[in-house]
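For reference, the structure is listed below as structure tokens.
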Amino acid sequence: MLNMIKSIKKIYNKYKVKSYWSKINQLCVYGQGFWQSPSPQFHWKKILNLKIYNHTKDKNKIQFGENCNVAATIVLNSKGSIVIGDYVYMNNIHLRIDYNLKIGSYCMFGPNVKLWDTKNHPLNREERRVQCKHIAHKGIIDSYEAGGGDIIIGDDVWVGMDSIIMGGVTIGNGSVVAAGSIVTKSVPENVLVGGIPARIIKQL
């Protein structure tokens with residue numbers, strides 16, 4: 001009986017993953033080797049750790065390059081786009097994109113990193129009151145009212161765990177963001193930055 005239950009569960013899990021792949025294919029485009037690493041860390045079931053909410057209704061607005069392994073929650077709002085290069089690794093991160101996100105190749109993102117490109121709420125108190133009323137009565141707000149900007153991340157960038165990258169920021173090729181940092185201003189190439197807000201610690 002126990003063996004039969006295990007077999008049924010295995011068949012169900014494979015069906016669930018196959019169905020999920022079909023859903024992913026409707027939400028984004030990706031290159032060869034997507035979630036195909038032989039490491040047990042990237043077992044075929046782990047694709048379920050990729051959650052995509054593509055509000056543009058256009059799968060071409062989210063593009064992954066080749067050989068990417070991405071455990072992430074991705075929320076792309078109606079006017080945005082996401083382009084990610086080759087050999088990018090994301091370890092349970094959160095992308096909340098209203099504008100345009102571009103990530104180069106050979107980048108690594110530690111656990112709980114957040115890329116958040118809009119302020120989401122206005123500084124003006126009366127405008128925030130309007131949003132509060134919208135949330136209470138309509139359940140939605142227009143994040144574009146608060147402003148924001150594109151995020152551009154170059155090649156060979158490493159973003160340490162629990163860091164936050166804000167809108168309007170460019171991170172240059174080869175740079176590293178120390179764990180727990182909040183990046184509010186652009187970062188040049190080949191430097192280590194850290195802190196709140198992040199500042200240059202040293203050249204690499």
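Going through the structure tokens in order, the chains are called A, B, and so on, while each chain numbers its residues from 1 and the ligands are numbered from 1 in the order shown.
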
Which polymer residues have any atom within 12 Å of an atom of Glu127 of chain A, counting only C-alpha atoms, with same-chain residues fewer than 3 positions away left out, as JSON, numbers by chain? {"A": [120, 121, 122, 123, 124, 130, 131, 132, 133, 134, 141, 142, 143, 145, 146]}

What's around segment 186-192 of chain A at 12 Å? Count only C-alpha atoms, leave out sequence neighbours fewer than 6 positions away in its own chain, and write the answer as a VMD selection string. chain A and resid 149 to 160 165 to 179 198 to 204

Expected file contents, prior selection, N, CA, C and O atoms, as a short mmCIF file (atom, residue, chain, number, x, y, z; two decimals), in the first residue's frame:
```
data_model
loop_
_atom_site.label_atom_id
_atom_site.label_comp_id
_atom_site.auth_asym_id
_atom_site.auth_seq_id
_atom_site.Cartn_x
_atom_site.Cartn_y
_atom_site.Cartn_z
N GLY A 149 12.38 53.99 -11.85
CA GLY A 149 13.30 54.00 -12.99
C GLY A 149 13.88 52.64 -13.26
O GLY A 149 13.72 51.69 -12.49
N ASP A 150 14.58 52.54 -14.38
CA ASP A 150 15.16 51.27 -14.82
C ASP A 150 16.28 50.83 -13.88
O ASP A 150 16.96 51.64 -13.25
N ILE A 151 16.48 49.53 -13.82
CA ILE A 151 17.63 48.93 -13.14
C ILE A 151 18.46 48.23 -14.20
O ILE A 151 17.94 47.40 -14.96
N ILE A 152 19.75 48.55 -14.24
CA ILE A 152 20.67 47.91 -15.19
C ILE A 152 21.83 47.31 -14.41
O ILE A 152 22.53 48.01 -13.67
N ILE A 153 22.04 46.01 -14.57
CA ILE A 153 23.11 45.30 -13.88
C ILE A 153 24.01 44.68 -14.94
O ILE A 153 23.55 43.96 -15.82
N GLY A 154 25.30 44.98 -14.87
CA GLY A 154 26.25 44.52 -15.88
C GLY A 154 26.59 43.05 -15.76
O GLY A 154 25.95 42.29 -15.03
N ASP A 155 27.64 42.64 -16.47
CA ASP A 155 28.12 41.26 -16.43
C ASP A 155 28.94 41.02 -15.16
O ASP A 155 29.54 41.93 -14.60
N ASP A 156 28.98 39.74 -14.73
CA ASP A 156 29.87 39.30 -13.65
C ASP A 156 29.62 40.02 -12.33
O ASP A 156 30.54 40.26 -11.55
N VAL A 157 28.37 40.34 -12.06
CA VAL A 157 28.01 41.02 -10.81
C VAL A 157 27.52 40.00 -9.79
O VAL A 157 26.79 39.06 -10.13
N TRP A 158 27.94 40.19 -8.55
CA TRP A 158 27.47 39.35 -7.45
C TRP A 158 26.75 40.25 -6.44
O TRP A 158 27.32 41.21 -5.94
N VAL A 159 25.49 39.93 -6.17
CA VAL A 159 24.69 40.68 -5.19
C VAL A 159 24.47 39.76 -3.99
O VAL A 159 23.82 38.71 -4.10
N GLY A 160 25.01 40.15 -2.84
CA GLY A 160 24.94 39.33 -1.64
C GLY A 160 23.55 39.28 -1.03
O GLY A 160 22.69 40.14 -1.29
N ILE A 165 18.12 46.44 -4.35
CA ILE A 165 18.54 47.32 -5.44
C ILE A 165 17.32 48.15 -5.83
O ILE A 165 16.27 47.60 -6.20
N MET A 166 17.45 49.48 -5.78
CA MET A 166 16.33 50.36 -6.04
C MET A 166 16.31 50.84 -7.49
O MET A 166 17.28 50.67 -8.23
N GLY A 167 15.20 51.46 -7.90
CA GLY A 167 15.03 51.94 -9.26
C GLY A 167 16.00 53.05 -9.61
O GLY A 167 16.44 53.82 -8.75
N GLY A 168 16.36 53.14 -10.89
CA GLY A 168 17.27 54.16 -11.37
C GLY A 168 18.73 53.84 -11.15
O GLY A 168 19.60 54.69 -11.39
N VAL A 169 19.04 52.63 -10.71
CA VAL A 169 20.41 52.24 -10.38
C VAL A 169 21.03 51.42 -11.50
O VAL A 169 20.39 50.54 -12.07
N THR A 170 22.29 51.73 -11.81
CA THR A 170 23.11 50.91 -12.70
C THR A 170 24.27 50.34 -11.89
O THR A 170 24.92 51.09 -11.14
N ILE A 171 24.52 49.05 -12.01
CA ILE A 171 25.67 48.42 -11.35
C ILE A 171 26.63 47.96 -12.43
O ILE A 171 26.28 47.17 -13.31
N GLY A 172 27.85 48.47 -12.38
CA GLY A 172 28.83 48.21 -13.42
C GLY A 172 29.36 46.78 -13.43
O GLY A 172 29.24 46.04 -12.44
N ASN A 173 29.96 46.40 -14.55
CA ASN A 173 30.51 45.06 -14.72
C ASN A 173 31.49 44.70 -13.60
O ASN A 173 32.32 45.52 -13.20
N GLY A 174 31.40 43.47 -13.12
CA GLY A 174 32.38 42.95 -12.18
C GLY A 174 32.24 43.43 -10.75
O GLY A 174 33.06 43.07 -9.90
N SER A 175 31.23 44.21 -10.44
CA SER A 175 31.10 44.73 -9.07
C SER A 175 30.38 43.75 -8.16
O SER A 175 29.67 42.84 -8.61
N VAL A 176 30.57 43.96 -6.85
CA VAL A 176 29.98 43.10 -5.82
C VAL A 176 29.24 43.97 -4.82
O VAL A 176 29.76 45.00 -4.37
N VAL A 177 28.04 43.55 -4.48
CA VAL A 177 27.23 44.22 -3.46
C VAL A 177 27.26 43.35 -2.20
O VAL A 177 26.82 42.20 -2.23
N ALA A 178 27.78 43.90 -1.11
CA ALA A 178 27.88 43.13 0.13
C ALA A 178 26.51 42.80 0.68
O ALA A 178 25.53 43.53 0.46
N ALA A 179 26.44 41.72 1.43
CA ALA A 179 25.18 41.25 1.99
C ALA A 179 24.52 42.34 2.84
O ALA A 179 25.19 43.08 3.57
N ALA A 198 24.36 51.99 0.26
CA ALA A 198 25.62 51.37 -0.14
C ALA A 198 26.61 52.42 -0.61
O ALA A 198 26.28 53.34 -1.34
N ARG A 199 27.87 52.25 -0.16
CA ARG A 199 28.98 53.10 -0.58
C ARG A 199 30.14 52.22 -1.02
O ARG A 199 30.23 51.05 -0.62
N ILE A 200 31.04 52.79 -1.79
CA ILE A 200 32.21 52.03 -2.25
C ILE A 200 33.11 51.71 -1.08
O ILE A 200 33.50 52.60 -0.29
N ILE A 201 33.46 50.43 -0.94
CA ILE A 201 34.37 49.98 0.12
C ILE A 201 35.78 49.86 -0.42
O ILE A 201 36.75 50.29 0.20
N LYS A 202 35.91 49.25 -1.61
CA LYS A 202 37.24 49.13 -2.22
C LYS A 202 37.11 48.76 -3.68
O LYS A 202 36.07 48.30 -4.14
N GLN A 203 38.21 48.99 -4.41
CA GLN A 203 38.32 48.56 -5.79
C GLN A 203 38.60 47.07 -5.82
O GLN A 203 39.22 46.52 -4.92
N LEU A 204 38.14 46.41 -6.88
CA LEU A 204 38.38 44.97 -7.04
C LEU A 204 39.33 44.74 -8.20
O LEU A 204 39.31 45.47 -9.18
#
```

Identify, with DSSP run on backbone atoms, the residues in chain A assigned to strand (DSSP E or B), and express the list as a ChimeraX atom specification. /A:29-30,50-54,62-64,69-76,81-84,89-97,100-103,108-109,114-116,118,148,151-153,158-159,164-166,170-171,176-177,182-183,187,191-194,199-203

Taking 2 positions as the minimum chain separation for residues in the same chain, which residues sit within 7 Å of Glu66 of chain A when counting only C-alpha atoms? Answer as a PDB file with N, CA, C and O atoms, in the first residue's frame.
```pdb
ATOM      1  N   TYR A  30      12.933  31.661 -22.833  1.00  0.00           N
ATOM      2  CA  TYR A  30      14.222  31.309 -22.223  1.00  0.00           C
ATOM      3  C   TYR A  30      15.084  30.532 -23.207  1.00  0.00           C
ATOM      4  O   TYR A  30      14.599  29.894 -24.137  1.00  0.00           O
ATOM      5  N   GLY A  31      16.393  30.593 -22.961  1.00  0.00           N
ATOM      6  CA  GLY A  31      17.352  29.926 -23.832  1.00  0.00           C
ATOM      7  C   GLY A  31      17.620  28.497 -23.424  1.00  0.00           C
ATOM      8  O   GLY A  31      17.033  27.969 -22.467  1.00  0.00           O
ATOM      9  N   GLN A  32      18.539  27.860 -24.130  1.00  0.00           N
ATOM     10  CA  GLN A  32      18.915  26.463 -23.850  1.00  0.00           C
ATOM     11  C   GLN A  32      19.479  26.344 -22.440  1.00  0.00           C
ATOM     12  O   GLN A  32      20.088  27.270 -21.915  1.00  0.00           O
ATOM     13  N   GLY A  33      19.261  25.191 -21.844  1.00  0.00           N
ATOM     14  CA  GLY A  33      19.828  24.907 -20.530  1.00  0.00           C
ATOM     15  C   GLY A  33      19.091  25.543 -19.371  1.00  0.00           C
ATOM     16  O   GLY A  33      19.579  25.518 -18.239  1.00  0.00           O
ATOM     17  N   PHE A  34      17.899  26.095 -19.618  1.00  0.00           N
ATOM     18  CA  PHE A  34      17.140  26.728 -18.547  1.00  0.00           C
ATOM     19  C   PHE A  34      16.704  25.687 -17.526  1.00  0.00           C
ATOM     20  O   PHE A  34      16.007  24.735 -17.844  1.00  0.00           O
ATOM     21  N   PHE A  64      14.941  35.203 -20.556  1.00  0.00           N
ATOM     22  CA  PHE A  64      16.115  34.635 -19.904  1.00  0.00           C
ATOM     23  C   PHE A  64      17.078  34.138 -20.985  1.00  0.00           C
ATOM     24  O   PHE A  64      16.645  33.573 -21.989  1.00  0.00           O
ATOM     25  N   CYS A  68      20.409  29.431 -17.387  1.00  0.00           N
ATOM     26  CA  CYS A  68      20.020  30.155 -16.172  1.00  0.00           C
ATOM     27  C   CYS A  68      19.312  29.212 -15.202  1.00  0.00           C
ATOM     28  O   CYS A  68      18.529  28.359 -15.622  1.00  0.00           O
ATOM     29  N   ASP A  86      23.040  35.264 -19.928  1.00  0.00           N
ATOM     30  CA  ASP A  86      23.369  33.840 -19.821  1.00  0.00           C
ATOM     31  C   ASP A  86      24.033  33.535 -18.474  1.00  0.00           C
ATOM     32  O   ASP A  86      24.681  34.389 -17.870  1.00  0.00           O
ATOM     33  N   TYR A  87      23.872  32.293 -18.031  1.00  0.00           N
ATOM     34  CA  TYR A  87      24.546  31.790 -16.828  1.00  0.00           C
ATOM     35  C   TYR A  87      24.259  32.684 -15.610  1.00  0.00           C
ATOM     36  O   TYR A  87      25.171  33.093 -14.888  1.00  0.00           O
TER      37      TYR A  87
END
```

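Atom CA of Lys185 of chain A sits 12.1 Å away from atom CA of Asp117 of chain A.
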
DSSP on the backbone: which residues in chain A end up as helix (DSSP H, G or I)? Give the answer as a ChimeraX atom specification. /A:2-27,40-42,44-49,59-61,125-137,143-146

By how many Å are atom CA of Arg96 of chain A and atom CA of Ser22 of chain A apart?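 That distance, rounded to one decimal, is 22.9 Å.
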
When you count only C-alpha atoms, which of these residues is closest to Gly80 of chain A: A:Ser105, A:Thr118, A:Ile196, A:Lys51?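 Among the listed residues, the smallest separation from Gly80 of chain A belongs to A:Thr118.
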
With distances taken over only C-alpha atoms, the candidate from A:Asn77, A:Ile164, A:Val113, A:Ile62 nearest Tyr89 of chain A is A:Val113
